[in-house]
Structures are given as structure tokens and as C-alpha cells.
Amino acid sequence: GAVTGLSVSPRERPVPGRLDGPTVLVAVPEDIERLRAADPASGAAWRSALREVLGGLLADGARVTGFDRAGWYIVERKRAS
């Protein structure tokens, strides 16, 4: 099953989750550009969280295979051989 690697808090802050599933869902705020303009600290927090979570998954060989209806990245980790 899928695990949530990064989600959005009610105050639009990044919430780290789990990265140990074969499929990892990674969220971004619905309007990240508006958020960056209105709250630069939140924008910086998102930049850092996405670099760590999404960047880390991709550096480890995972790949983005799509987006769900809510706009979350769907990331498939490589399977152990």
C-alpha cells in the first residue's frame, strides 16, 4: 500500500511522514505560489521539505509515476532485487 511521505497541515505547513512503503505520496499546497508570496517562511519550509523528501526519494532511485486527483505526487520506490 501507499504511505504518506509529506502532507499539508491545516496551516499549510509541511508535515513529514513515512518513506518506507513501495508507493509514497508527496503533497504540495494547492497554491504554492500564493503561499510563497503571502508567507515566505512557509515557502522556505516547503522548499526544504520537498528537497529532503522528494529529492531524497529520487536520489535513491525512486521515480514519480503520476499525480492523484488531489495533486499529490505518486512516487514508486524501486523494488529490492
# chains A, B, ... in the order shown; residues from 1 in each chain; ligands from 1
$ residues_around --residues "range 56-68 of chain A" --least-positions-apart "3" --cutoff "10 Å" --atoms "only C-alpha atoms" --output "list in words"
Gly5, Leu19, Pro22, Thr23, Val24, Leu25, Val26, Ala27, Leu50, Arg51, Glu52, Val53, Gly71, Trp72, Tyr73, Ile74, Val75, Glu76, Arg77, Lys78 and Arg79 of chain A
$ residues_around --residues "Ser7 in chain A" --least-positions-apart "4" --cutoff "8 Å" --atoms "only C-alpha atoms" --output "mmCIF file with N, CA, C and O atoms, in the first residue's frame"
data_model
loop_
_atom_site.group_PDB
_atom_site.id
_atom_site.type_symbol
_atom_site.label_atom_id
_atom_site.label_comp_id
_atom_site.auth_asym_id
_atom_site.auth_seq_id
_atom_site.Cartn_x
_atom_site.Cartn_y
_atom_site.Cartn_z
ATOM 1 N N PRO A 14 4.489 21.962 5.901
ATOM 2 C CA PRO A 14 4.817 20.583 5.551
ATOM 3 C C PRO A 14 4.825 19.683 6.782
ATOM 4 O O PRO A 14 5.300 20.071 7.845
ATOM 5 N N VAL A 15 4.267 18.490 6.634
ATOM 6 C CA VAL A 15 4.229 17.503 7.710
ATOM 7 C C VAL A 15 4.921 16.238 7.204
ATOM 8 O O VAL A 15 4.351 15.523 6.369
ATOM 9 N N PRO A 16 6.152 15.959 7.668
ATOM 10 C CA PRO A 16 6.847 14.744 7.229
ATOM 11 C C PRO A 16 6.112 13.500 7.681
ATOM 12 O O PRO A 16 5.444 13.485 8.722
ATOM 13 N N GLY A 17 6.221 12.457 6.878
ATOM 14 C CA GLY A 17 5.568 11.194 7.197
ATOM 15 C C GLY A 17 6.535 10.040 7.058
ATOM 16 O O GLY A 17 7.688 10.140 7.445
ATOM 17 N N VAL A 26 3.402 12.310 -1.952
ATOM 18 C CA VAL A 26 4.056 13.546 -1.529
ATOM 19 C C VAL A 26 3.168 14.722 -1.933
ATOM 20 O O VAL A 26 2.897 14.925 -3.115
ATOM 21 N N ALA A 27 2.722 15.475 -0.943
ATOM 22 C CA ALA A 27 1.814 16.602 -1.191
ATOM 23 C C ALA A 27 2.577 17.902 -1.355
ATOM 24 O O ALA A 27 3.695 18.056 -0.878
ATOM 25 N N VAL A 28 1.926 18.838 -2.028
ATOM 26 C CA VAL A 28 2.342 20.238 -2.048
ATOM 27 C C VAL A 28 1.063 21.053 -1.837
ATOM 28 O O VAL A 28 -0.022 20.587 -2.166
#
$ atom_distance --atom1 "CA of Gly1 in chain A" --atom2 "CA of Ala45 in chain A"
27.6 Å
$ select_by_dssp --residues "chain A" --states "helix (DSSP H, G or I)" --output "VMD selection string"
chain A and resid 32 to 38 40 to 59
$ write_last_selection --atoms "N, CA and C atoms" --output "mmCIF file, in the first residue's frame"
data_model
loop_
_atom_site.group_PDB
_atom_site.id
_atom_site.type_symbol
_atom_site.label_atom_id
_atom_site.label_comp_id
_atom_site.auth_asym_id
_atom_site.auth_seq_id
_atom_site.Cartn_x
_atom_site.Cartn_y
_atom_site.Cartn_z
ATOM 1 N N ILE A 32 0.915 26.836 -4.202
ATOM 2 C CA ILE A 32 2.232 27.078 -3.614
ATOM 3 C C ILE A 32 2.750 28.478 -3.941
ATOM 4 N N GLU A 33 2.450 28.993 -5.121
ATOM 5 C CA GLU A 33 2.930 30.334 -5.486
ATOM 6 C C GLU A 33 2.294 31.404 -4.602
ATOM 7 N N ARG A 34 0.990 31.275 -4.345
ATOM 8 C CA ARG A 34 0.326 32.223 -3.445
ATOM 9 C C ARG A 34 0.912 32.125 -2.046
ATOM 10 N N LEU A 35 1.129 30.898 -1.594
ATOM 11 C CA LEU A 35 1.689 30.684 -0.265
ATOM 12 C C LEU A 35 3.074 31.304 -0.147
ATOM 13 N N ARG A 36 3.919 31.119 -1.153
ATOM 14 C CA ARG A 36 5.277 31.685 -1.127
ATOM 15 C C ARG A 36 5.236 33.202 -1.031
ATOM 16 N N ALA A 37 4.289 33.810 -1.752
ATOM 17 C CA ALA A 37 4.183 35.274 -1.732
ATOM 18 C C ALA A 37 3.619 35.769 -0.401
ATOM 19 N N ALA A 38 2.613 35.070 0.128
ATOM 20 C CA ALA A 38 1.941 35.512 1.351
ATOM 21 C C ALA A 38 2.724 35.169 2.612
ATOM 22 N N PRO A 40 6.532 33.903 3.194
ATOM 23 C CA PRO A 40 7.853 33.438 2.745
ATOM 24 C C PRO A 40 8.458 32.348 3.633
ATOM 25 N N ALA A 41 8.177 32.376 4.937
ATOM 26 C CA ALA A 41 8.715 31.339 5.823
ATOM 27 C C ALA A 41 8.125 29.972 5.473
ATOM 28 N N SER A 42 6.827 29.922 5.174
ATOM 29 C CA SER A 42 6.210 28.664 4.747
ATOM 30 C C SER A 42 6.786 28.216 3.408
ATOM 31 N N GLY A 43 6.993 29.165 2.510
ATOM 32 C CA GLY A 43 7.598 28.830 1.225
ATOM 33 C C GLY A 43 8.964 28.196 1.398
ATOM 34 N N ALA A 44 9.764 28.759 2.295
ATOM 35 C CA ALA A 44 11.098 28.211 2.558
ATOM 36 C C ALA A 44 10.995 26.829 3.198
ATOM 37 N N ALA A 45 10.031 26.650 4.107
ATOM 38 C CA ALA A 45 9.845 25.344 4.746
ATOM 39 C C ALA A 45 9.463 24.294 3.710
ATOM 40 N N TRP A 46 8.610 24.661 2.768
ATOM 41 C CA TRP A 46 8.212 23.727 1.705
ATOM 42 C C TRP A 46 9.377 23.406 0.784
ATOM 43 N N ARG A 47 10.157 24.401 0.431
ATOM 44 C CA ARG A 47 11.317 24.166 -0.434
ATOM 45 C C ARG A 47 12.236 23.132 0.215
ATOM 46 N N SER A 48 12.516 23.331 1.493
ATOM 47 C CA SER A 48 13.393 22.427 2.228
ATOM 48 C C SER A 48 12.791 21.032 2.355
ATOM 49 N N ALA A 49 11.510 20.950 2.721
ATOM 50 C CA ALA A 49 10.854 19.648 2.903
ATOM 51 C C ALA A 49 10.795 18.867 1.594
ATOM 52 N N LEU A 50 10.471 19.546 0.499
ATOM 53 C CA LEU A 50 10.402 18.859 -0.792
ATOM 54 C C LEU A 50 11.784 18.398 -1.245
ATOM 55 N N ARG A 51 12.797 19.219 -0.994
ATOM 56 C CA ARG A 51 14.156 18.820 -1.358
ATOM 57 C C ARG A 51 14.542 17.559 -0.586
ATOM 58 N N GLU A 52 14.211 17.550 0.710
ATOM 59 C CA GLU A 52 14.575 16.404 1.542
ATOM 60 C C GLU A 52 13.780 15.151 1.178
ATOM 61 N N VAL A 53 12.458 15.259 1.114
ATOM 62 C CA VAL A 53 11.614 14.080 0.900
ATOM 63 C C VAL A 53 11.619 13.639 -0.566
ATOM 64 N N LEU A 54 11.174 14.509 -1.454
ATOM 65 C CA LEU A 54 11.086 14.132 -2.865
ATOM 66 C C LEU A 54 12.480 13.965 -3.463
ATOM 67 N N GLY A 55 13.364 14.907 -3.174
ATOM 68 C CA GLY A 55 14.734 14.807 -3.679
ATOM 69 C C GLY A 55 15.428 13.559 -3.176
ATOM 70 N N GLY A 56 15.211 13.233 -1.895
ATOM 71 C CA GLY A 56 15.828 12.033 -1.327
ATOM 72 C C GLY A 56 15.314 10.762 -1.969
ATOM 73 N N LEU A 57 14.008 10.693 -2.193
ATOM 74 C CA LEU A 57 13.431 9.520 -2.852
ATOM 75 C C LEU A 57 13.985 9.354 -4.259
ATOM 76 N N LEU A 58 14.036 10.443 -5.020
ATOM 77 C CA LEU A 58 14.526 10.360 -6.394
ATOM 78 C C LEU A 58 16.010 10.006 -6.435
ATOM 79 N N ALA A 59 16.790 10.557 -5.499
ATOM 80 C CA ALA A 59 18.220 10.241 -5.439
ATOM 81 C C ALA A 59 18.442 8.766 -5.110
#
$ select_by_dssp --residues "range 12-42 of chain A" --states "strand (DSSP E)" --output "PyMOL selection string"
chain A and resi 14-16+23-26
$ decode --residues "range 66-79 of chain A" --atoms "all heavy atoms" --output "CSV table (one decimal), in the first residue's frame"
chain,number,residue,atom,x,y,z
A,66,GLY,N,3.2,9.6,-11.4
A,66,GLY,CA,1.9,10.3,-11.7
A,66,GLY,C,1.5,11.3,-10.6
A,66,GLY,O,2.3,11.5,-9.6
A,67,PHE,N,0.3,11.7,-10.7
A,67,PHE,CA,-0.3,12.6,-9.7
A,67,PHE,C,-1.7,12.1,-9.4
A,67,PHE,O,-2.4,11.6,-10.3
A,67,PHE,CB,-0.4,14.0,-10.2
A,67,PHE,CG,0.9,14.6,-10.5
A,67,PHE,CD1,1.5,14.5,-11.7
A,67,PHE,CD2,1.6,15.3,-9.5
A,67,PHE,CE1,2.7,15.0,-12.0
A,67,PHE,CE2,2.9,15.8,-9.8
A,67,PHE,CZ,3.4,15.7,-11.0
A,68,ASP,N,-2.2,12.2,-8.1
A,68,ASP,CA,-3.6,11.7,-7.9
A,68,ASP,C,-4.5,12.9,-8.1
A,68,ASP,O,-4.0,14.0,-8.4
A,68,ASP,CB,-3.7,11.1,-6.5
A,68,ASP,CG,-3.7,12.1,-5.3
A,68,ASP,OD1,-3.5,13.3,-5.6
A,68,ASP,OD2,-3.8,11.6,-4.2
A,69,ARG,N,-5.8,12.7,-7.9
A,69,ARG,CA,-6.8,13.8,-8.1
A,69,ARG,C,-6.6,15.0,-7.2
A,69,ARG,O,-7.0,16.1,-7.6
A,69,ARG,CB,-8.2,13.3,-7.9
A,69,ARG,CG,-8.5,12.3,-9.0
A,69,ARG,CD,-9.9,11.8,-8.8
A,69,ARG,NE,-10.3,10.9,-9.9
A,69,ARG,CZ,-11.4,10.3,-10.0
A,69,ARG,NH1,-12.4,10.5,-9.2
A,69,ARG,NH2,-11.6,9.5,-11.0
A,70,ALA,N,-6.0,14.8,-6.0
A,70,ALA,CA,-5.7,16.0,-5.1
A,70,ALA,C,-4.4,16.7,-5.4
A,70,ALA,O,-4.1,17.6,-4.8
A,70,ALA,CB,-5.7,15.5,-3.7
A,71,GLY,N,-3.7,16.2,-6.4
A,71,GLY,CA,-2.4,16.9,-6.8
A,71,GLY,C,-1.2,16.3,-6.1
A,71,GLY,O,-0.1,16.9,-6.2
A,72,TRP,N,-1.3,15.2,-5.4
A,72,TRP,CA,-0.2,14.6,-4.7
A,72,TRP,C,0.7,13.9,-5.8
A,72,TRP,O,0.2,13.3,-6.7
A,72,TRP,CB,-0.6,13.6,-3.7
A,72,TRP,CG,-1.4,14.1,-2.5
A,72,TRP,CD1,-2.5,15.0,-2.6
A,72,TRP,CD2,-1.1,13.9,-1.2
A,72,TRP,NE1,-2.9,15.2,-1.3
A,72,TRP,CE2,-2.1,14.6,-0.4
A,72,TRP,CE3,-0.1,13.1,-0.5
A,72,TRP,CZ2,-2.1,14.5,1.0
A,72,TRP,CZ3,-0.2,13.1,0.9
A,72,TRP,CH2,-1.1,13.8,1.6
A,73,TYR,N,2.0,14.0,-5.6
A,73,TYR,CA,2.9,13.2,-6.4
A,73,TYR,C,2.8,11.8,-5.9
A,73,TYR,O,2.7,11.5,-4.8
A,73,TYR,CB,4.4,13.6,-6.1
A,73,TYR,CG,4.9,14.9,-6.6
A,73,TYR,CD1,4.8,16.1,-5.9
A,73,TYR,CD2,5.4,15.0,-7.9
A,73,TYR,CE1,5.2,17.3,-6.4
A,73,TYR,CE2,5.9,16.2,-8.4
A,73,TYR,CZ,5.8,17.3,-7.6
A,73,TYR,OH,6.2,18.5,-8.1
A,74,ILE,N,2.8,10.9,-6.9
A,74,ILE,CA,2.8,9.4,-6.6
A,74,ILE,C,4.2,9.0,-7.0
A,74,ILE,O,4.6,9.1,-8.1
A,74,ILE,CB,1.8,8.7,-7.5
A,74,ILE,CG1,0.4,9.2,-7.1
A,74,ILE,CG2,1.9,7.2,-7.2
A,74,ILE,CD1,-0.7,8.7,-8.1
A,75,VAL,N,4.9,8.5,-6.0
A,75,VAL,CA,6.3,8.1,-6.2
A,75,VAL,C,6.5,6.6,-5.9
A,75,VAL,O,6.1,6.1,-4.9
A,75,VAL,CB,7.3,8.9,-5.2
A,75,VAL,CG1,8.7,8.5,-5.4
A,75,VAL,CG2,7.0,10.4,-5.4
A,76,GLU,N,7.0,5.9,-6.9
A,76,GLU,CA,7.3,4.5,-6.8
A,76,GLU,C,8.7,4.2,-6.4
A,76,GLU,O,9.6,4.7,-7.2
A,76,GLU,CB,6.9,3.7,-8.1
A,76,GLU,CG,5.5,3.9,-8.5
A,76,GLU,CD,4.5,3.2,-7.7
A,76,GLU,OE1,4.8,2.2,-7.0
A,76,GLU,OE2,3.3,3.7,-7.7
A,77,ARG,N,8.9,3.5,-5.3
A,77,ARG,CA,10.3,3.2,-4.9
A,77,ARG,C,10.7,2.0,-5.7
A,77,ARG,O,9.9,1.1,-6.1
A,77,ARG,CB,10.4,2.9,-3.4
A,77,ARG,CG,10.1,4.1,-2.6
A,77,ARG,CD,9.9,3.7,-1.1
A,77,ARG,NE,11.1,2.9,-0.7
A,77,ARG,CZ,12.0,3.4,0.1
A,77,ARG,NH1,12.0,4.7,0.5
A,77,ARG,NH2,13.0,2.7,0.4
A,78,LYS,N,12.0,1.9,-6.0
A,78,LYS,CA,12.5,0.7,-6.7
A,78,LYS,C,12.4,-0.5,-5.8
A,78,LYS,O,12.5,-0.4,-4.5
A,78,LYS,CB,13.9,0.8,-7.2
A,78,LYS,CG,15.0,1.2,-6.3
A,78,LYS,CD,16.3,1.3,-7.0
A,78,LYS,CE,17.3,1.5,-5.9
A,78,LYS,NZ,18.6,1.8,-6.4
A,79,ARG,N,12.0,-1.6,-6.3
A,79,ARG,CA,11.9,-2.9,-5.6
A,79,ARG,C,13.2,-3.5,-5.3
A,79,ARG,O,14.1,-3.5,-6.1
A,79,ARG,CB,11.0,-3.8,-6.3
A,79,ARG,CG,9.6,-3.2,-6.6
A,79,ARG,CD,8.6,-4.3,-7.0
A,79,ARG,NE,7.4,-3.7,-7.6
A,79,ARG,CZ,6.4,-3.2,-6.9
A,79,ARG,NH1,6.6,-3.1,-5.6
A,79,ARG,NH2,5.4,-2.8,-7.4
